[in-house]
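Asks: Have a look at this one.
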Amino acid sequence: MRHPLLIALFTVALAPFAAAQTDGGDPLQFAEKMPVWSTCISEADETASMNCTTQAIAEFVMQRVSYPKKMRKQQVAGTVIARFVVEKDGSIGDVEVVRGIDPQLDDQVVDAVRAFPAFQPGEQLGKPVRVQYALPVRFSL
């Protein structure tokens with residue numbers, strides 16, 4: 001049976017632009033060292049910690065977002081894309097819906113993202129930086 005919620009985490013690789021921001025300005029979309037979910041810090045290498053982070057985010061959102069039967073019955077489906085920033089201190093900021101499908105579903109995704117625990121922040125040139133993510137959450141019938 002297919003699960004009605006599919007979640008993926010995307011960052012856009014813009015490595016040439018990454019070195020430009022280390023002073024707290026606009027968030028990066030890619031950093032030399034990406035933010036890591038708090039329970040994934042002890043992973044053996046960066047690839048493992050990023051895979052663990054992606055999985056942890058998906059599980060966290062799936063535990064907190066529901067797809068009401070009423071909405072499925074009304075055939076409300078699609079993908080909510082939320083954008084957020086992992087701040088220099090690891091907290092979550094600037095949460096917004098980039099593309100929504102229904103205010104009730106959009107709000108659930110935003111609430112789940114705002115509830116994320118602190119991350120280990122990303123780093124660029126050895127300094128903590130703000131890193132932006134896009135989180136698509138698909139509601140399928």
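Just so we're on the same page: first chain in the structure tokens is A, next is B, and so on; residues restart at 1 for each chain, and ligands are numbered from 1 in the order they show up.
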Mind checking which residues fall within 9 Å of Lys88 (chain A), counting only C-alpha atoms, ignoring those fewer than 3 positions away in the same chain, and posting them as a list in words?

Replies: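 So, after excluding close chain neighbours, the residues are Gly24, Ser91, Gln120, Pro121, Gly122, Glu123, Lys127, Pro128, Val129, Arg130 and Val131 of chain A.
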
Asks: Give the strand (DSSP E) residues of chain A, as DSSP finds them on the backbone, and put them as a PyMOL selection string.

Replies: chain A and resi 5-7+36-37+78-86+92-99+119-120+122-124+127-129+131-139

Asks: As a PyMOL selection string, please: the residues near Arg99 (chain A) (cut-off 9 Å, only C-alpha atoms, same-chain neighbours under 2 positions excluded).

Replies: chain A and resi 79-82+97+101+106+136

Asks: For the residues in the current selection, export N, CA, C and O atoms as a compact mmCIF listing (two decimals), in the first residue's frame.

Replies:
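Final file, selection13.txt:
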```
# COMPACT_ATOMS: atom_id res chain seq x y z
N THR A 79 1.35 18.84 -3.99
CA THR A 79 2.59 18.97 -3.23
C THR A 79 2.68 20.35 -2.58
O THR A 79 2.56 21.36 -3.27
N VAL A 80 2.87 20.34 -1.29
CA VAL A 80 3.14 21.58 -0.56
C VAL A 80 4.66 21.71 -0.52
O VAL A 80 5.36 20.77 -0.14
N ILE A 81 5.16 22.87 -0.91
CA ILE A 81 6.59 23.12 -0.82
C ILE A 81 6.81 24.21 0.22
O ILE A 81 6.34 25.34 0.05
N ALA A 82 7.49 23.83 1.28
CA ALA A 82 7.84 24.78 2.34
C ALA A 82 9.33 25.09 2.23
O ALA A 82 10.14 24.20 1.95
N VAL A 97 5.50 28.92 2.98
CA VAL A 97 5.00 28.03 1.93
C VAL A 97 5.30 28.69 0.60
O VAL A 97 4.86 29.82 0.34
N ILE A 101 -1.39 23.86 -1.43
CA ILE A 101 -2.54 23.24 -2.10
C ILE A 101 -3.84 23.48 -1.35
O ILE A 101 -4.90 23.49 -1.95
N ASP A 106 -1.24 23.16 4.14
CA ASP A 106 -0.08 24.06 4.17
C ASP A 106 0.33 24.35 5.61
O ASP A 106 1.51 24.28 5.96
N PRO A 136 9.51 19.57 -0.07
CA PRO A 136 8.24 19.21 -0.70
C PRO A 136 7.56 18.06 0.06
O PRO A 136 8.20 17.07 0.39
```

Asks: Excluding region 46-49 of chain A and residues on its chain fewer than 5 positions from it, collect all residues at most 7 Å away from it, counting only C-alpha atoms, and give them as a PyMOL selection string.

Replies: chain A and resi 36+40-41

Asks: Where in chain A does DSSP assign helix (DSSP H, G or I), given as a ChimeraX atom specification?

Replies: /A:15-18,38-40,46-64,69-73,103-114

Asks: Would you mind telling me which residue in A:Pro117, A:Gly78, A:Gly100, A:Gly93 lies nearest to Ala56 (chain A) when using only C-alpha atoms?

Replies: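 The answer is A:Pro117, which sits nearest to Ala56 (chain A).
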
Asks: Per residue of region 111-135 of chain A within 9 Å of region 60-65 of chain A, which atom pair is closest and at what distance in Å (one decimal), using only C-alpha atoms, listed by chain and increasing number, as a tab-separated table?

Replies:
```
residue	atom	partner	partner_atom	distance
A:Asp111	CA	A:Arg64	CA	8.4
A:Ala112	CA	A:Val61	CA	5.7
A:Val113	CA	A:Val61	CA	7.3
A:Phe116	CA	A:Phe60	CA	7.8
```

Asks: Pick out the residues sitting within 10 Å of Met71 (chain A), and hand them over as a list in words; count only C-alpha atoms, and ignore anything fewer than 3 positions along from it in its own chain.

Replies: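 Contacts, in chain order: Tyr67, Pro68, Gln74, Gln75, Val76, Ala77, Asp102, Gln104, Leu105, Phe139 and Leu141 of chain A.
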
Asks: Between A:Leu125, A:Trp37, A:Glu96, A:Arg83, single out the one closest to Ala58 (chain A), counting only C-alpha atoms.

Replies: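 Smallest separation from Ala58 (chain A) among the options: A:Trp37.
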
Asks: For the atom pair CA of Gln132 (chain A) and CA of Phe30 (chain A), what is the interatomic distance in Å to one decimal place?

Replies: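 So the answer is 7.9 Å.
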